[in-house]
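> Before I ask anything, here is the structure I am working with.
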Amino acid sequence: MTRTETPAVAARPRTGRAIVWLVTGAAVIVALFAINALAPSLYSVPLPTRVQDGLTLALSVLIESLPFIVLGVVLSIVVQVWVPPGVLERWMPRRAWARRAVLSLLGMVVPVCECGNVPFARGLLMRGFTVSETLTFLIAAPIVNPIVIITTHQAFGFDDGILIARLLGGYAIANLIGWLYSRHPDPDALLTDRFKATCDVVVHEPGGRGRRSIAQFAVELRAVLPALVIGSALAGAVQVLVPRDALLAIGSDPALSIIAMMALAMVVSICSNVDAFFALSFASTFTPGSIVAFLLVGPLVDVKMLALMRTTFTTRVLGGLVVVVVLSAFAIGTAVNLLV
Amino acid sequence: MSRTRRSRSLANRWLGVGLASILAVMTLTLAATGRLGLYLNPDSTWFAVGMAVLVLVGTLLTFALPLGAEDDHGHDHDHDDEPRRRRPVGATVAAVGGVAASVLVLTALVTPPASLSAELAMSRDIDAPPLFAGADAVALATTGDTAEFGVGEWATVFATSTNPDAYDGDPVTLTGFATPGEGSFELTRLVITHCVIDAQPASIPVQAGETPPETGEWVTITGVVRASADGRLSIVAESMERIDEPGDPYEY
């Protein structure tokens, strides 16, 4: 066998093997459809009410956020594999604070809500954006984006300054967090070992763009899917276990109402695109400042987001984020209560 | 490839594209059988279905990628001996999390979809009516056309109307489940903005001549709206039919 013949001869069995695997894959997917169609009819024993409610709630969060996660993964593949080096970077200002200020507006043009932002932010990190820049984007994007602005406006209009306080507050908190973490002496230490290993793998992934895209599709779903399932399960479980009236018994007290609504926001894990409508039903009993605090805390550090962010950032960083977001939201909520 | 590395790669595929494709299959089956509304506002159906198809196409393509290829650096050395191994505690937590996530998703795959219980609806009742996206009470009250009103719209009108007499005598046919409260019972329905996690109960008091239904029991009532002397609205039921839970238990 000569050297020149080797690739052609080797390619044929490889292509054949790929086709066999594709057929296997199709068979597996068909089998999943069959199981999903048939198994529930065999299952005659109903689950206990609370377990069933928890499962329904968890599944609702999962089915609702999966499309956004997938969109985030696709965008992450685009920035990592398809956008040539230097294209994004050319548009960025040189100064660190100005870069963060611009990145915190990126949510205006990237159409994903908070869950989808996590894989997209991982793509930015892999592309070479710094940890503080990525955190600024990740914290700002769920609030400073067109859909959230429209739905918050639909719900509250300009009443009590809730919309303005949410937007400016979200932007300010994101840049504050970006600035704080930009001062960290060793930014790599803010990332989990697993994410660093994934970065290493993805950056050196061999093959053409098509193959790299498929590989990153597998890698990113592996990173975020278990976290999303666990986060959704926690959100579902907490909702059936923590009595909501216990949180809401303290509605009209200016300070306690803010704390109660922040706790509710962390527990309920509602997508930031629609949380304004949910908050609206509390507006008659709760102070405007507590509504603002709810709208600031929920999209940034609810249980589902924390589980997702844990794929990339260390527990210590998450602790820091929660403290900064909660304290800032409390301060902004108190200011709103004093001013309106 | 060593055995350990092979099983680790297989676990990675399962926890990524595996779990995602199960959720995608469930989304598509629910959409095809008209039951996606049990979890999502039907307005989002096209987006959920489109992305679910994308997941399945992507998953299919990963089958053509040799197992473990995504863990490759493009240079040969055995990863089993690398110092990248995680600390035992972290590895255990990750393993438990992976098993828990798998159990949850597989349970969802083999159990029938279900709506939220009446108990949950009652525990969420905060004595404030749910407000619909873009449809405030003023708009509701000024149109005067109540023929299309569901329990959610009526609950908003009952709670916020400044001119209750305007509705006195309006005929209604409404479906919901019974919860205890004002009147003989309250007719309740969960109202969803986006997905079931944001479900909020809407209730209206019903005066019924016959024995009220049990808590959680579904009924269709036909009757009229009545305003009391103190301006409170309620529904006086002329007939009441006990029914099975409808296929679309929520209002959107």
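Residues in the structure tokens are named by chain (A, B, ... in the order shown) and by number from 1 within that chain; ligands are numbered from 1 in the order shown.
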Per residue of chain A within 7 Å of chain B, what are the shortest atom pair and its distance in Å to one decimal, counting only C-alpha atoms, with rows by chain and residue number, as a Markdown table?


| residue | atom | partner | partner_atom | distance |
| --- | --- | --- | --- | --- |
| A:Ala18 | CA | B:Ala64 | CA | 4.7 |
| A:Trp21 | CA | B:Phe63 | CA | 5.5 |
| A:Leu22 | CA | B:Phe63 | CA | 5.6 |
| A:Gly25 | CA | B:Leu60 | CA | 5.3 |
| A:Ala26 | CA | B:Leu60 | CA | 6.4 |
| A:Leu32 | CA | B:Ile22 | CA | 6.8 |
| A:Phe33 | CA | B:Val25 | CA | 6.0 |
| A:Ile35 | CA | B:Val110 | CA | 7.0 |
| A:Asn36 | CA | B:Leu109 | CA | 5.5 |
| A:Ala39 | CA | B:Val110 | CA | 5.0 |
| A:Pro40 | CA | B:Pro112 | CA | 4.6 |
| A:Tyr43 | CA | B:Thr111 | CA | 6.3 |
| A:Thr49 | CA | B:Ser117 | CA | 6.9 |
| A:Asp53 | CA | B:Leu116 | CA | 5.5 |
| A:Thr56 | CA | B:Ala114 | CA | 6.6 |
| A:Leu57 | CA | B:Ile197 | CA | 5.5 |
| A:Ser60 | CA | B:Tyr39 | CA | 4.8 |
| A:Val61 | CA | B:Ile197 | CA | 6.6 |
| A:Ile63 | CA | B:Thr27 | CA | 6.7 |
| A:Glu64 | CA | B:Cys195 | CA | 6.6 |
| A:Pro67 | CA | B:Met51 | CA | 5.1 |
| A:Val70 | CA | B:Met51 | CA | 6.6 |
| A:Gln154 | CA | B:Gly134 | CA | 5.6 |
| A:Ala155 | CA | B:Gly134 | CA | 6.7 |
| A:Val201 | CA | B:His73 | CA | 5.3 |
| A:His204 | CA | B:His73 | CA | 5.3 |
| A:Glu205 | CA | B:His73 | CA | 5.6 |
| A:Pro206 | CA | B:Gly74 | CA | 5.2 |
| A:Ile214 | CA | B:Thr62 | CA | 6.1 |
| A:Ala215 | CA | B:Glu70 | CA | 4.9 |
| A:Ala218 | CA | B:Val17 | CA | 6.0 |
| A:Val219 | CA | B:Glu70 | CA | 6.7 |
| A:Leu221 | CA | B:Gly16 | CA | 4.5 |
| A:Arg222 | CA | B:Gly16 | CA | 3.4 |
| A:Ala223 | CA | B:Gly16 | CA | 7.0 |
| A:Leu225 | CA | B:Gly16 | CA | 5.8 |
| A:Pro226 | CA | B:Ala101 | CA | 5.7 |
| A:Val229 | CA | B:Ala101 | CA | 5.6 |
| A:Ile230 | CA | B:Ala101 | CA | 5.9 |
| A:Arg244 | CA | B:Arg124 | CA | 6.5 |
| A:Ile270 | CA | B:Asp198 | CA | 6.7 |
| A:Val274 | CA | B:His194 | CA | 6.7 |
| A:Phe277 | CA | B:Ala133 | CA | 6.6 |
| A:Phe278 | CA | B:Asp198 | CA | 6.5 |
| A:Ser281 | CA | B:Pro130 | CA | 5.6 |

> Write out as a ChimeraX atom specification all residues of region 2-205 of chain B that backbone DSSP assigns to strand (DSSP E or B).

/B:40,132,135,171-179,183,185-191,195,200-205

> Atoms to include: N, CA and C atoms. Write the selected residues as an mmCIF file, in the first residue's frame.


data_model
loop_
_atom_site.group_PDB
_atom_site.id
_atom_site.type_symbol
_atom_site.label_atom_id
_atom_site.label_comp_id
_atom_site.auth_asym_id
_atom_site.auth_seq_id
_atom_site.Cartn_x
_atom_site.Cartn_y
_atom_site.Cartn_z
ATOM 1 N N LEU B 40 -46.827 24.872 29.098
ATOM 2 C CA LEU B 40 -46.427 26.141 28.476
ATOM 3 C C LEU B 40 -47.636 26.889 27.954
ATOM 4 N N PHE B 132 -53.692 39.967 33.412
ATOM 5 C CA PHE B 132 -53.262 39.403 32.146
ATOM 6 C C PHE B 132 -52.302 40.335 31.431
ATOM 7 N N ALA B 135 -53.743 43.310 29.407
ATOM 8 C CA ALA B 135 -55.178 43.533 29.549
ATOM 9 C C ALA B 135 -55.480 43.963 30.975
ATOM 10 N N PRO B 171 -75.322 36.920 31.785
ATOM 11 C CA PRO B 171 -75.325 35.451 31.824
ATOM 12 C C PRO B 171 -73.908 34.898 31.672
ATOM 13 N N VAL B 172 -73.597 33.832 32.391
ATOM 14 C CA VAL B 172 -72.261 33.235 32.291
ATOM 15 C C VAL B 172 -72.357 31.716 32.195
ATOM 16 N N THR B 173 -71.405 31.125 31.471
ATOM 17 C CA THR B 173 -71.189 29.683 31.505
ATOM 18 C C THR B 173 -69.697 29.500 31.728
ATOM 19 N N LEU B 174 -69.323 28.970 32.874
ATOM 20 C CA LEU B 174 -67.899 28.914 33.229
ATOM 21 C C LEU B 174 -67.509 27.526 33.723
ATOM 22 N N THR B 175 -66.265 27.167 33.444
ATOM 23 C CA THR B 175 -65.744 25.880 33.897
ATOM 24 C C THR B 175 -64.549 26.112 34.801
ATOM 25 N N GLY B 176 -64.494 25.344 35.870
ATOM 26 C CA GLY B 176 -63.359 25.464 36.790
ATOM 27 C C GLY B 176 -63.480 24.389 37.848
ATOM 28 N N PHE B 177 -62.557 24.415 38.834
ATOM 29 C CA PHE B 177 -62.687 23.458 39.932
ATOM 30 C C PHE B 177 -63.078 24.202 41.207
ATOM 31 N N ALA B 178 -63.660 23.427 42.128
ATOM 32 C CA ALA B 178 -64.189 24.051 43.334
ATOM 33 C C ALA B 178 -63.108 24.190 44.404
ATOM 34 N N THR B 179 -63.101 25.344 45.061
ATOM 35 C CA THR B 179 -62.270 25.511 46.260
ATOM 36 C C THR B 179 -63.149 26.160 47.315
ATOM 37 N N GLY B 183 -69.379 32.460 49.477
ATOM 38 C CA GLY B 183 -70.493 31.821 48.774
ATOM 39 C C GLY B 183 -70.571 30.346 49.122
ATOM 40 N N PHE B 185 -69.273 27.992 47.273
ATOM 41 C CA PHE B 185 -67.886 27.569 47.010
ATOM 42 C C PHE B 185 -67.282 28.595 46.061
ATOM 43 N N GLU B 186 -65.999 28.485 45.776
ATOM 44 C CA GLU B 186 -65.400 29.372 44.792
ATOM 45 C C GLU B 186 -65.035 28.556 43.564
ATOM 46 N N LEU B 187 -65.332 29.125 42.399
ATOM 47 C CA LEU B 187 -64.951 28.476 41.145
ATOM 48 C C LEU B 187 -63.556 28.993 40.804
ATOM 49 N N THR B 188 -62.591 28.073 40.670
ATOM 50 C CA THR B 188 -61.195 28.475 40.557
ATOM 51 C C THR B 188 -60.586 27.930 39.275
ATOM 52 N N ARG B 189 -59.657 28.654 38.749
ATOM 53 C CA ARG B 189 -58.913 28.211 37.575
ATOM 54 C C ARG B 189 -57.511 28.769 37.717
ATOM 55 N N LEU B 190 -56.502 28.029 37.300
ATOM 56 C CA LEU B 190 -55.135 28.564 37.329
ATOM 57 C C LEU B 190 -54.878 29.312 36.022
ATOM 58 N N VAL B 191 -54.266 30.483 36.154
ATOM 59 C CA VAL B 191 -53.999 31.324 34.992
ATOM 60 C C VAL B 191 -52.488 31.377 34.759
ATOM 61 N N CYS B 195 -45.324 29.922 31.606
ATOM 62 C CA CYS B 195 -45.293 28.487 31.847
ATOM 63 C C CYS B 195 -45.888 28.194 33.217
ATOM 64 N N GLN B 200 -51.074 31.250 38.539
ATOM 65 C CA GLN B 200 -51.706 31.893 39.685
ATOM 66 C C GLN B 200 -53.195 31.603 39.668
ATOM 67 N N PRO B 201 -53.783 31.362 40.862
ATOM 68 C CA PRO B 201 -55.198 31.014 40.886
ATOM 69 C C PRO B 201 -56.084 32.252 40.731
ATOM 70 N N ALA B 202 -57.199 32.073 40.040
ATOM 71 C CA ALA B 202 -58.234 33.098 39.952
ATOM 72 C C ALA B 202 -59.509 32.451 40.452
ATOM 73 N N SER B 203 -60.223 33.128 41.364
ATOM 74 C CA SER B 203 -61.432 32.520 41.946
ATOM 75 C C SER B 203 -62.587 33.505 41.937
ATOM 76 N N ILE B 204 -63.796 32.966 41.745
ATOM 77 C CA ILE B 204 -64.989 33.797 41.873
ATOM 78 C C ILE B 204 -66.009 33.062 42.747
ATOM 79 N N PRO B 205 -66.703 33.819 43.636
ATOM 80 C CA PRO B 205 -67.678 33.171 44.519
ATOM 81 C C PRO B 205 -68.932 32.737 43.752
#

> Quote the spacing between CA of Tyr171 (chain A) and CA of Gly333 (chain A) in Å to one decimal place.

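Result for CA of Tyr171 (chain A) versus CA of Gly333 (chain A): 14.9 Å, one decimal.
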
> Can you tell me, as a ChimeraX atom specification, what residues are no more than 7 Å from region 306-322 of chain A when counting only C-alpha atoms, ignoring any on the same chain fewer than 4 positions away?

/A:118,190-192,195,223-224,227-228,231,301-302,326

> Can you spit out the residues from that selection as a compact mmCIF listing (two decimals), in the first residue's frame, using C-alpha atoms?


# COMPACT_ATOMS: atom_id res chain seq x y z
CA VAL A 118 -25.03 30.85 30.38
CA LEU A 190 -12.77 32.13 39.63
CA LEU A 191 -13.52 29.37 37.13
CA THR A 192 -14.28 25.73 37.94
CA PHE A 195 -14.78 24.54 32.81
CA ALA A 223 -22.15 21.13 30.80
CA VAL A 224 -25.51 22.85 31.24
CA ALA A 227 -27.41 21.76 36.02
CA LEU A 228 -30.63 22.89 34.38
CA GLY A 231 -32.00 23.76 39.14
CA VAL A 301 -29.38 34.74 41.22
CA ASP A 302 -32.45 32.47 41.46
CA VAL A 326 -28.97 41.03 47.20

> Find the residues around region 100-109 of chain A up to 7 Å (only C-alpha atoms counted), leave out those fewer than 4 positions away in its own chain, and share them as a PyMOL selection string.

chain A and resi 96+133+136-137+140-141+144-146+171+174-175+178

> To one decimal place, how far is CA of Ala147 (chain B) from CA of Ala283 (chain A) in Å?

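Straight-line distance from CA of Ala147 (chain B) to CA of Ala283 (chain A) works out to 28.3 Å.
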
> Determine which residues of region 126-231 of chain B receive a DSSP assignment of helix (DSSP H, G or I), computed from the backbone, and state them as number ranges by chain.

B: 137-143, 151-160, 164-167, 196-198

> Grab the CA of Gly157 (chain A) to CA of Leu280 (chain A) distance for me, in Å with one decimal place.

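Pair CA of Gly157 (chain A) / CA of Leu280 (chain A) returns 11.0 Å.
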